[in-house]
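So this one's structure32.cif, mmCIF, N, CA and C atoms:
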data_coords
#
loop_
_atom_site.label_atom_id
_atom_site.label_comp_id
_atom_site.auth_asym_id
_atom_site.auth_seq_id
_atom_site.Cartn_x
_atom_site.Cartn_y
_atom_site.Cartn_z
N MET S 1 -5.92 2.83 -14.98
CA MET S 1 -4.88 3.74 -14.57
C MET S 1 -3.50 3.13 -14.81
N VAL S 2 -3.37 1.84 -14.58
CA VAL S 2 -2.08 1.18 -14.80
C VAL S 2 -1.69 1.26 -16.27
N VAL S 3 -2.63 1.06 -17.16
CA VAL S 3 -2.33 1.11 -18.59
C VAL S 3 -1.91 2.51 -18.99
N ARG S 4 -2.59 3.51 -18.47
CA ARG S 4 -2.32 4.89 -18.89
C ARG S 4 -1.09 5.49 -18.22
N TYR S 5 -0.92 5.25 -16.91
CA TYR S 5 0.14 5.93 -16.16
C TYR S 5 1.26 5.00 -15.68
N GLY S 6 1.09 3.72 -15.80
CA GLY S 6 2.11 2.78 -15.36
C GLY S 6 1.83 2.27 -13.96
N LEU S 7 2.43 1.15 -13.65
CA LEU S 7 2.17 0.46 -12.39
C LEU S 7 2.67 1.24 -11.18
N LEU S 8 3.88 1.76 -11.24
CA LEU S 8 4.45 2.41 -10.06
C LEU S 8 3.77 3.74 -9.77
N ARG S 9 3.42 4.50 -10.79
CA ARG S 9 2.65 5.73 -10.55
C ARG S 9 1.29 5.40 -9.95
N SER S 10 0.69 4.34 -10.42
CA SER S 10 -0.61 3.91 -9.89
C SER S 10 -0.48 3.47 -8.43
N MET S 11 0.64 2.79 -8.12
CA MET S 11 0.86 2.39 -6.72
C MET S 11 1.00 3.62 -5.82
N LEU S 12 1.68 4.62 -6.30
CA LEU S 12 1.84 5.86 -5.54
C LEU S 12 0.48 6.54 -5.34
N ALA S 13 -0.33 6.57 -6.37
CA ALA S 13 -1.68 7.14 -6.26
C ALA S 13 -2.53 6.33 -5.28
N GLY S 14 -2.41 5.01 -5.32
CA GLY S 14 -3.17 4.17 -4.39
C GLY S 14 -2.75 4.38 -2.95
N ALA S 15 -1.45 4.52 -2.73
CA ALA S 15 -0.96 4.79 -1.37
C ALA S 15 -1.45 6.15 -0.88
N ALA S 16 -1.42 7.14 -1.77
CA ALA S 16 -1.90 8.48 -1.40
C ALA S 16 -3.40 8.44 -1.10
N ALA S 17 -4.16 7.69 -1.88
CA ALA S 17 -5.60 7.58 -1.64
C ALA S 17 -5.87 6.94 -0.28
N GLN S 18 -5.08 5.96 0.09
CA GLN S 18 -5.28 5.33 1.39
C GLN S 18 -4.92 6.27 2.52
N ALA S 19 -3.90 7.09 2.34
CA ALA S 19 -3.55 8.09 3.36
C ALA S 19 -4.68 9.11 3.50
N VAL S 20 -5.25 9.52 2.38
CA VAL S 20 -6.37 10.48 2.43
C VAL S 20 -7.56 9.86 3.15
N SER S 21 -7.80 8.58 2.95
CA SER S 21 -8.93 7.94 3.65
C SER S 21 -8.70 7.92 5.15
N HIS S 22 -7.46 7.77 5.58
CA HIS S 22 -7.16 7.82 7.02
C HIS S 22 -7.39 9.23 7.55
N LEU S 23 -7.03 10.23 6.75
CA LEU S 23 -7.31 11.61 7.16
C LEU S 23 -8.81 11.87 7.21
N ALA S 24 -9.57 11.20 6.37
CA ALA S 24 -11.03 11.33 6.42
C ALA S 24 -11.56 10.79 7.75
N PHE S 25 -10.97 9.71 8.25
CA PHE S 25 -11.40 9.21 9.55
C PHE S 25 -10.97 10.15 10.68
N ALA S 26 -9.81 10.79 10.53
CA ALA S 26 -9.39 11.79 11.52
C ALA S 26 -10.39 12.94 11.52
N TRP S 27 -10.80 13.37 10.34
CA TRP S 27 -11.82 14.42 10.22
C TRP S 27 -13.14 13.95 10.82
N LEU S 28 -13.52 12.71 10.55
CA LEU S 28 -14.76 12.16 11.08
C LEU S 28 -14.78 12.23 12.60
N SER S 29 -13.64 12.00 13.22
CA SER S 29 -13.59 12.00 14.69
C SER S 29 -13.86 13.39 15.27
N THR S 30 -13.77 14.42 14.44
CA THR S 30 -14.06 15.79 14.92
C THR S 30 -15.49 16.21 14.62
N GLN S 31 -16.26 15.37 13.94
CA GLN S 31 -17.59 15.75 13.48
C GLN S 31 -18.73 15.36 14.41
N GLY S 32 -18.44 14.63 15.46
CA GLY S 32 -19.52 14.18 16.33
C GLY S 32 -20.35 13.10 15.64
N ALA S 33 -21.60 12.99 16.04
CA ALA S 33 -22.49 11.95 15.49
C ALA S 33 -23.12 12.46 14.20
N SER S 34 -22.39 12.33 13.10
CA SER S 34 -22.86 12.82 11.81
C SER S 34 -22.89 11.69 10.80
N ILE S 35 -24.08 11.29 10.40
CA ILE S 35 -24.23 10.22 9.41
C ILE S 35 -23.63 10.63 8.06
N PRO S 36 -23.87 11.87 7.57
CA PRO S 36 -23.24 12.24 6.29
C PRO S 36 -21.70 12.18 6.35
N ALA S 37 -21.11 12.60 7.46
CA ALA S 37 -19.65 12.53 7.59
C ALA S 37 -19.19 11.08 7.61
N LEU S 38 -19.93 10.22 8.26
CA LEU S 38 -19.61 8.79 8.29
C LEU S 38 -19.66 8.20 6.89
N VAL S 39 -20.69 8.57 6.12
CA VAL S 39 -20.83 8.08 4.75
C VAL S 39 -19.63 8.52 3.90
N VAL S 40 -19.21 9.77 4.05
CA VAL S 40 -18.06 10.29 3.29
C VAL S 40 -16.79 9.51 3.65
N ALA S 41 -16.54 9.35 4.95
CA ALA S 41 -15.31 8.67 5.39
C ALA S 41 -15.30 7.21 4.94
N ILE S 42 -16.40 6.53 5.11
CA ILE S 42 -16.45 5.11 4.72
C ILE S 42 -16.36 4.95 3.21
N SER S 43 -16.99 5.84 2.47
CA SER S 43 -16.91 5.78 1.01
C SER S 43 -15.47 5.99 0.54
N MET S 44 -14.80 6.97 1.13
CA MET S 44 -13.40 7.21 0.76
C MET S 44 -12.54 6.00 1.11
N ASP S 45 -12.80 5.39 2.26
CA ASP S 45 -12.02 4.23 2.67
C ASP S 45 -12.27 3.05 1.74
N ASN S 46 -13.53 2.80 1.39
CA ASN S 46 -13.84 1.69 0.49
C ASN S 46 -13.19 1.89 -0.87
N PHE S 47 -13.27 3.11 -1.40
CA PHE S 47 -12.65 3.38 -2.70
C PHE S 47 -11.14 3.17 -2.63
N SER S 48 -10.52 3.77 -1.62
CA SER S 48 -9.05 3.71 -1.55
C SER S 48 -8.55 2.28 -1.32
N GLN S 49 -9.26 1.52 -0.50
CA GLN S 49 -8.86 0.13 -0.27
C GLN S 49 -9.01 -0.70 -1.54
N SER S 50 -10.09 -0.48 -2.27
CA SER S 50 -10.29 -1.22 -3.51
C SER S 50 -9.26 -0.84 -4.56
N PHE S 51 -9.04 0.46 -4.72
CA PHE S 51 -8.09 0.95 -5.71
C PHE S 51 -6.67 0.50 -5.37
N GLY S 52 -6.24 0.79 -4.14
CA GLY S 52 -4.89 0.41 -3.73
C GLY S 52 -4.68 -1.09 -3.70
N GLY S 53 -5.69 -1.82 -3.25
CA GLY S 53 -5.59 -3.28 -3.19
C GLY S 53 -5.46 -3.91 -4.57
N THR S 54 -6.21 -3.39 -5.53
CA THR S 54 -6.14 -3.91 -6.89
C THR S 54 -4.77 -3.64 -7.50
N ILE S 55 -4.25 -2.45 -7.26
CA ILE S 55 -2.92 -2.11 -7.78
C ILE S 55 -1.86 -3.02 -7.13
N LEU S 56 -1.99 -3.25 -5.82
CA LEU S 56 -1.03 -4.10 -5.13
C LEU S 56 -1.08 -5.54 -5.64
N VAL S 57 -2.28 -6.06 -5.87
CA VAL S 57 -2.42 -7.41 -6.41
C VAL S 57 -1.76 -7.48 -7.79
N THR S 58 -1.95 -6.44 -8.59
CA THR S 58 -1.33 -6.40 -9.92
C THR S 58 0.19 -6.43 -9.80
N TYR S 59 0.72 -5.62 -8.90
CA TYR S 59 2.17 -5.58 -8.70
C TYR S 59 2.70 -6.93 -8.21
N MET S 60 2.06 -7.50 -7.19
CA MET S 60 2.54 -8.77 -6.65
C MET S 60 2.42 -9.89 -7.68
N SER S 61 1.41 -9.83 -8.52
CA SER S 61 1.27 -10.84 -9.57
C SER S 61 2.43 -10.76 -10.56
N GLY S 62 2.91 -9.54 -10.81
CA GLY S 62 4.05 -9.37 -11.69
C GLY S 62 5.36 -9.86 -11.09
N LEU S 63 5.40 -9.98 -9.77
CA LEU S 63 6.62 -10.46 -9.11
C LEU S 63 6.75 -11.97 -9.10
N THR S 64 5.67 -12.67 -9.38
CA THR S 64 5.70 -14.13 -9.28
C THR S 64 6.18 -14.76 -10.58
N GLY S 65 6.79 -15.92 -10.43
CA GLY S 65 7.23 -16.70 -11.58
C GLY S 65 6.12 -17.63 -12.02
N ALA S 66 6.07 -17.96 -13.29
CA ALA S 66 4.99 -18.77 -13.85
C ALA S 66 4.88 -20.14 -13.18
N GLY S 67 6.00 -20.76 -12.87
CA GLY S 67 5.97 -22.11 -12.32
C GLY S 67 5.56 -22.19 -10.86
N PHE S 68 5.70 -21.10 -10.12
CA PHE S 68 5.42 -21.11 -8.70
C PHE S 68 4.50 -19.96 -8.29
N ALA S 69 3.66 -19.51 -9.20
CA ALA S 69 2.85 -18.32 -8.97
C ALA S 69 1.97 -18.44 -7.72
N ALA S 70 1.33 -19.56 -7.52
CA ALA S 70 0.41 -19.69 -6.38
C ALA S 70 1.17 -19.61 -5.05
N THR S 71 2.27 -20.33 -4.94
CA THR S 71 3.05 -20.31 -3.70
C THR S 71 3.66 -18.94 -3.45
N GLN S 72 4.26 -18.36 -4.48
CA GLN S 72 4.89 -17.06 -4.33
C GLN S 72 3.85 -15.98 -4.00
N TYR S 73 2.71 -16.01 -4.66
CA TYR S 73 1.67 -15.03 -4.38
C TYR S 73 1.15 -15.20 -2.96
N ALA S 74 0.98 -16.43 -2.52
CA ALA S 74 0.51 -16.68 -1.15
C ALA S 74 1.50 -16.11 -0.13
N LEU S 75 2.78 -16.30 -0.37
CA LEU S 75 3.80 -15.74 0.54
C LEU S 75 3.80 -14.22 0.51
N LEU S 76 3.73 -13.64 -0.68
CA LEU S 76 3.71 -12.17 -0.79
C LEU S 76 2.49 -11.57 -0.10
N SER S 77 1.33 -12.17 -0.32
CA SER S 77 0.12 -11.61 0.28
C SER S 77 0.12 -11.80 1.80
N SER S 78 0.74 -12.84 2.29
CA SER S 78 0.87 -13.03 3.74
C SER S 78 1.80 -11.98 4.33
N MET S 79 2.90 -11.71 3.64
CA MET S 79 3.83 -10.68 4.13
C MET S 79 3.19 -9.30 4.08
N TYR S 80 2.35 -9.07 3.09
CA TYR S 80 1.64 -7.79 2.97
C TYR S 80 0.68 -7.60 4.14
N ALA S 81 0.01 -8.64 4.56
CA ALA S 81 -0.99 -8.53 5.61
C ALA S 81 -0.41 -8.57 7.03
N LEU S 82 0.77 -9.13 7.20
CA LEU S 82 1.34 -9.34 8.52
C LEU S 82 1.53 -8.06 9.34
N PRO S 83 2.14 -7.01 8.81
CA PRO S 83 2.35 -5.81 9.65
C PRO S 83 1.05 -5.24 10.21
N GLY S 84 0.00 -5.22 9.40
CA GLY S 84 -1.29 -4.72 9.87
C GLY S 84 -1.85 -5.57 11.01
N LYS S 85 -1.66 -6.86 10.93
CA LYS S 85 -2.14 -7.75 11.99
C LYS S 85 -1.36 -7.52 13.28
N LEU S 86 -0.07 -7.28 13.17
CA LEU S 86 0.75 -7.04 14.36
C LEU S 86 0.42 -5.71 15.02
N VAL S 87 0.18 -4.69 14.23
CA VAL S 87 -0.12 -3.35 14.76
C VAL S 87 -1.55 -3.28 15.31
N ALA S 88 -2.45 -4.06 14.74
CA ALA S 88 -3.85 -3.99 15.13
C ALA S 88 -4.05 -4.25 16.63
N GLY S 89 -3.25 -5.09 17.20
CA GLY S 89 -3.38 -5.39 18.62
C GLY S 89 -3.09 -4.20 19.51
N ALA S 90 -2.21 -3.32 19.08
CA ALA S 90 -1.85 -2.15 19.88
C ALA S 90 -2.66 -0.92 19.55
N SER S 91 -3.48 -0.97 18.51
CA SER S 91 -4.18 0.23 18.07
C SER S 91 -5.15 0.76 19.12
N GLY S 92 -5.79 -0.11 19.86
CA GLY S 92 -6.71 0.34 20.91
C GLY S 92 -6.00 1.13 21.99
N PHE S 93 -4.82 0.68 22.36
CA PHE S 93 -4.03 1.41 23.36
C PHE S 93 -3.59 2.77 22.83
N MET S 94 -3.25 2.80 21.55
CA MET S 94 -2.82 4.06 20.95
C MET S 94 -3.98 5.05 20.88
N VAL S 95 -5.15 4.59 20.52
CA VAL S 95 -6.33 5.46 20.47
C VAL S 95 -6.67 5.97 21.86
N GLU S 96 -6.60 5.09 22.84
CA GLU S 96 -6.91 5.49 24.21
C GLU S 96 -5.92 6.55 24.70
N ALA S 97 -4.67 6.42 24.34
CA ALA S 97 -3.64 7.35 24.81
C ALA S 97 -3.67 8.68 24.07
N TYR S 98 -3.94 8.65 22.76
CA TYR S 98 -3.80 9.87 21.94
C TYR S 98 -5.09 10.37 21.32
N GLY S 99 -6.12 9.56 21.26
CA GLY S 99 -7.38 9.96 20.62
C GLY S 99 -7.41 9.55 19.15
N TYR S 100 -8.63 9.53 18.61
CA TYR S 100 -8.82 9.08 17.23
C TYR S 100 -8.18 10.02 16.21
N THR S 101 -8.30 11.33 16.44
CA THR S 101 -7.78 12.28 15.46
C THR S 101 -6.27 12.10 15.29
N THR S 102 -5.55 12.03 16.38
CA THR S 102 -4.10 11.85 16.31
C THR S 102 -3.76 10.48 15.73
N PHE S 103 -4.47 9.45 16.17
CA PHE S 103 -4.21 8.09 15.69
C PHE S 103 -4.32 8.00 14.18
N PHE S 104 -5.43 8.51 13.63
CA PHE S 104 -5.62 8.40 12.18
C PHE S 104 -4.68 9.33 11.42
N SER S 105 -4.30 10.45 12.01
CA SER S 105 -3.32 11.33 11.37
C SER S 105 -1.95 10.65 11.29
N VAL S 106 -1.58 9.95 12.36
CA VAL S 106 -0.30 9.23 12.36
C VAL S 106 -0.33 8.08 11.36
N THR S 107 -1.45 7.36 11.30
CA THR S 107 -1.52 6.26 10.32
C THR S 107 -1.48 6.79 8.89
N ALA S 108 -1.99 8.00 8.67
CA ALA S 108 -1.89 8.60 7.33
C ALA S 108 -0.44 8.93 7.01
N ALA S 109 0.34 9.27 8.01
CA ALA S 109 1.75 9.62 7.79
C ALA S 109 2.58 8.41 7.37
N ILE S 110 2.03 7.22 7.49
CA ILE S 110 2.73 6.03 7.01
C ILE S 110 2.95 6.11 5.50
N LEU S 111 2.20 6.99 4.83
CA LEU S 111 2.39 7.19 3.40
C LEU S 111 3.83 7.61 3.10
N ILE S 112 4.47 8.33 3.99
CA ILE S 112 5.81 8.86 3.72
C ILE S 112 6.82 7.75 3.44
N PRO S 113 7.00 6.76 4.35
CA PRO S 113 7.95 5.68 4.01
C PRO S 113 7.47 4.81 2.85
N VAL S 114 6.16 4.65 2.71
CA VAL S 114 5.63 3.86 1.59
C VAL S 114 5.97 4.55 0.27
N ALA S 115 5.75 5.86 0.22
CA ALA S 115 6.07 6.61 -1.00
C ALA S 115 7.57 6.55 -1.30
N ALA S 116 8.38 6.63 -0.25
CA ALA S 116 9.83 6.55 -0.45
C ALA S 116 10.21 5.18 -1.02
N LEU S 117 9.60 4.12 -0.53
CA LEU S 117 9.89 2.78 -1.05
C LEU S 117 9.45 2.65 -2.50
N ILE S 118 8.30 3.21 -2.84
CA ILE S 118 7.83 3.16 -4.23
C ILE S 118 8.82 3.89 -5.14
N VAL S 119 9.33 5.04 -4.67
CA VAL S 119 10.29 5.79 -5.47
C VAL S 119 11.58 4.99 -5.65
N VAL S 120 12.03 4.30 -4.61
CA VAL S 120 13.24 3.47 -4.72
C VAL S 120 13.03 2.38 -5.76
N VAL S 121 11.89 1.71 -5.70
CA VAL S 121 11.58 0.65 -6.67
C VAL S 121 11.46 1.26 -8.07
N TRP S 122 10.86 2.44 -8.16
CA TRP S 122 10.66 3.12 -9.43
C TRP S 122 12.00 3.42 -10.09
N ARG S 123 12.99 3.79 -9.30
CA ARG S 123 14.30 4.15 -9.85
C ARG S 123 15.12 2.92 -10.24
N ASP S 124 14.72 1.76 -9.76
CA ASP S 124 15.39 0.52 -10.14
C ASP S 124 15.14 0.31 -11.63
N PRO S 125 16.18 0.15 -12.43
CA PRO S 125 15.97 0.00 -13.88
C PRO S 125 15.08 -1.19 -14.23
N ARG S 126 15.01 -2.16 -13.36
CA ARG S 126 14.16 -3.32 -13.61
C ARG S 126 12.75 -3.08 -13.11
N GLY S 127 12.50 -1.99 -12.40
CA GLY S 127 11.17 -1.69 -11.90
C GLY S 127 10.70 -2.65 -10.84
N GLY S 128 11.61 -3.44 -10.29
CA GLY S 128 11.24 -4.39 -9.26
C GLY S 128 10.49 -5.60 -9.78
N LEU S 129 10.33 -5.70 -11.10
CA LEU S 129 9.48 -6.76 -11.65
C LEU S 129 10.23 -7.90 -12.30
N ARG S 130 11.44 -7.69 -12.72
CA ARG S 130 12.18 -8.74 -13.42
C ARG S 130 13.38 -9.16 -12.60
N PRO S 131 13.74 -10.43 -12.66
CA PRO S 131 14.93 -10.87 -11.93
C PRO S 131 16.18 -10.20 -12.50
N ALA S 132 17.14 -10.03 -11.65
CA ALA S 132 18.40 -9.40 -12.09
C ALA S 132 19.07 -10.29 -13.13
N ALA S 133 19.69 -9.66 -14.09
CA ALA S 133 20.43 -10.41 -15.10
C ALA S 133 21.67 -11.02 -14.46
N GLU S 134 21.99 -12.22 -14.87
CA GLU S 134 23.16 -12.87 -14.33
C GLU S 134 24.41 -12.22 -14.90
N PRO S 135 25.47 -12.14 -14.11
CA PRO S 135 26.72 -11.61 -14.64
C PRO S 135 27.22 -12.47 -15.79
N GLU S 136 27.99 -11.89 -16.67
CA GLU S 136 28.48 -12.63 -17.83
C GLU S 136 29.29 -13.85 -17.43
N ASP S 137 30.02 -13.76 -16.31
CA ASP S 137 30.82 -14.90 -15.85
C ASP S 137 29.92 -16.10 -15.52
N ALA S 138 28.75 -15.84 -14.96
CA ALA S 138 27.86 -16.92 -14.56
C ALA S 138 27.22 -17.59 -15.77
N GLN S 139 27.10 -16.84 -16.88
CA GLN S 139 26.47 -17.40 -18.06
C GLN S 139 27.43 -18.29 -18.86
N ALA S 140 28.71 -18.04 -18.72
CA ALA S 140 29.69 -18.84 -19.46
C ALA S 140 29.75 -20.25 -18.88
N SER S 141 29.79 -21.21 -19.75
CA SER S 141 29.85 -22.59 -19.26
C SER S 141 31.31 -22.94 -18.96
N PRO S 142 31.55 -23.69 -17.87
CA PRO S 142 32.93 -24.06 -17.47
C PRO S 142 33.57 -25.06 -18.38
#
Rendering of file as structure tokens:
Amino acid sequence: MVVRYGLLRSMLAGAAAQAVSHLAFAWLSTQGASIPALVVAISMDNFSQSFGGTILVTYMSGLTGAGFAATQYALLSSMYALPGKLVAGASGFMVEAYGYTTFFSVTAAILIPVAALIVVVWRDPRGGLRPAAEPEDAQASP
């Protein structure tokens, strides 16, 4: 998909797929004890996590410099995982207060700011992947 449609379009598709998988869990919470519904929701989640995760790894790999790729990638992947770890502690309280259907619907709505961020990066002429060019004054030797 990255080769055919580009990295940023693929990131948007991956984010949308992950939002749909959250909506699948919201739907699952209305189905009662249904093994087929569980299979559908988990399959959608596994696909979307694999698809979106692969696209994200591709993007973060493009952000790293050759000389410091391991360190930079480690920092980027840690920053990527941190918000989920912080929110995970409160998720049980949120489910208890609002129920699973509302909880998963709200988590699906996180797609909105994610999509907005992807569009901002997309409009950047550098695509978020290359360092900014130095001003001409900085390139001139004193």
Report task. Go through S:Met60, S:Ala26, S:Met79, S:Ala37 one by one, measure the shortest atom-to-atom distance of each to S:Thr101 using all atoms listed in the file, and give the residue with the smallest value. Result ->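 That would be S:Ala26, the residue with the smallest distance to S:Thr101.
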Report task. Tell me, in Å to one decimal, how far atom C of S:Phe103 is from atom C of S:Ala116. Result -> 21.2 Å
Query - Contact residues around S:His22 with all atoms listed in the file at 6 Å, ignoring same-chain residues under 5 positions, as a list in words - result: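 The filter keeps Phe104, Ser105 and Ala108 of chain S.
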Report task. Can you work out which one of S:Ile55, S:Leu117, S:Ala69, S:Ala81 has the shortest atom-to-atom distance to S:Gly14, counting all atoms listed in the file? Result -> S:Ile55
Query raised in the report: Hey, what does DSSP flag as alpha helix (DSSP H) within stretch 27-94 of chain S? Can you give it to me as number ranges by chain?
Result: S: 27-28, 35-63, 69-94
Report task. Could you please determine the separation between atom N of S:Ala66 and atom C of S:Gly53 in Å, to one decimal place? Result ->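 Pair atom N of S:Ala66 / atom C of S:Gly53 returns 20.2 Å.
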**Report entry** S:Gly52 surroundings by all atoms listed in the file, 7 Å radius, close-in-sequence under 6 positions cut, as a list in words
**Finding:**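 The neighbour list is Met11, Ala13, Gly14, Ala15 and Gln18 of chain S.
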Report task. Using all atoms listed in the file, find the one residue out of S:Gly99, S:Leu63, S:Ser21, S:Gly32 that sits nearest to S:Asn46. Result ->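 The shortest atom-to-atom distance to S:Asn46 comes from S:Ser21.
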Mind checking which residues fall within 12 Å of S:Ile112, counting only C-alpha atoms, ignoring those fewer than 6 positions away in the same chain, and posting them as a PDB file with N, CA and C atoms, in the coordinates of the input?
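Contents of selection-v9.pdb, as written:
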ATOM      1  N   LEU S  12       1.680   4.620  -6.300  1.00  0.00           N
ATOM      2  CA  LEU S  12       1.840   5.860  -5.540  1.00  0.00           C
ATOM      3  C   LEU S  12       0.480   6.540  -5.340  1.00  0.00           C
ATOM      4  N   ALA S  15      -1.450   4.520  -2.730  1.00  0.00           N
ATOM      5  CA  ALA S  15      -0.960   4.790  -1.370  1.00  0.00           C
ATOM      6  C   ALA S  15      -1.450   6.150  -0.880  1.00  0.00           C
ATOM      7  N   ALA S  16      -1.420   7.140  -1.770  1.00  0.00           N
ATOM      8  CA  ALA S  16      -1.900   8.480  -1.400  1.00  0.00           C
ATOM      9  C   ALA S  16      -3.400   8.440  -1.100  1.00  0.00           C
ATOM     10  N   GLN S  18      -5.080   5.960   0.090  1.00  0.00           N
ATOM     11  CA  GLN S  18      -5.280   5.330   1.390  1.00  0.00           C
ATOM     12  C   GLN S  18      -4.920   6.270   2.520  1.00  0.00           C
ATOM     13  N   ALA S  19      -3.900   7.090   2.340  1.00  0.00           N
ATOM     14  CA  ALA S  19      -3.550   8.090   3.360  1.00  0.00           C
ATOM     15  C   ALA S  19      -4.680   9.110   3.500  1.00  0.00           C
ATOM     16  N   VAL S 106      -1.580   9.950  12.360  1.00  0.00           N
ATOM     17  CA  VAL S 106      -0.300   9.230  12.360  1.00  0.00           C
ATOM     18  C   VAL S 106      -0.330   8.080  11.360  1.00  0.00           C
ATOM     19  N   ILE S 118       8.300   3.210  -2.840  1.00  0.00           N
ATOM     20  CA  ILE S 118       7.830   3.160  -4.230  1.00  0.00           C
ATOM     21  C   ILE S 118       8.820   3.890  -5.140  1.00  0.00           C
ATOM     22  N   VAL S 119       9.330   5.040  -4.670  1.00  0.00           N
ATOM     23  CA  VAL S 119      10.290   5.790  -5.470  1.00  0.00           C
ATOM     24  C   VAL S 119      11.580   4.990  -5.650  1.00  0.00           C
TER      25      VAL S 119
END
Report summary line: Computed gap from atom CA of S:Ile110 to atom CA of S:Thr64 is 26.1 Å
Centre and edges of the stretch 18-36 of chain S box, axis-aligned, 8 Å extra per side, as AutoDock Vina command-line options:
--center_x -13.9 --center_y 10.8 --center_z 8.2 --size_x 36.7 --size_y 26.9 --size_z 32.2
**Report entry** Polymer residues at most 8 Å from (-5.1, 2.0, -12.6) by all atoms listed in the file, as an NGL selection string
**Finding:** :S and (1-7 or 9-11 or 51 or 54-55)
Query - Nearest candidate to S:Gly84 (options S:Ile35, S:Ser43, S:Tyr100, S:Thr107; using only C-alpha atoms) - result: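 Once distances to S:Gly84 are computed over only C-alpha atoms, the minimum belongs to S:Thr107.
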Report task. Choose the residue, out of S:Leu75, S:Ala24, S:Val95, S:Leu8, that has the smallest atom-to-atom separation from S:Ile42; count only N, CA and C atoms. Result -> S:Ala24
Query - Nearest to S:Val40, chosen from S:Leu23, S:Leu56, S:Ala70, S:Ala90, with only C-alpha atoms counted in the distances - result: S:Leu23
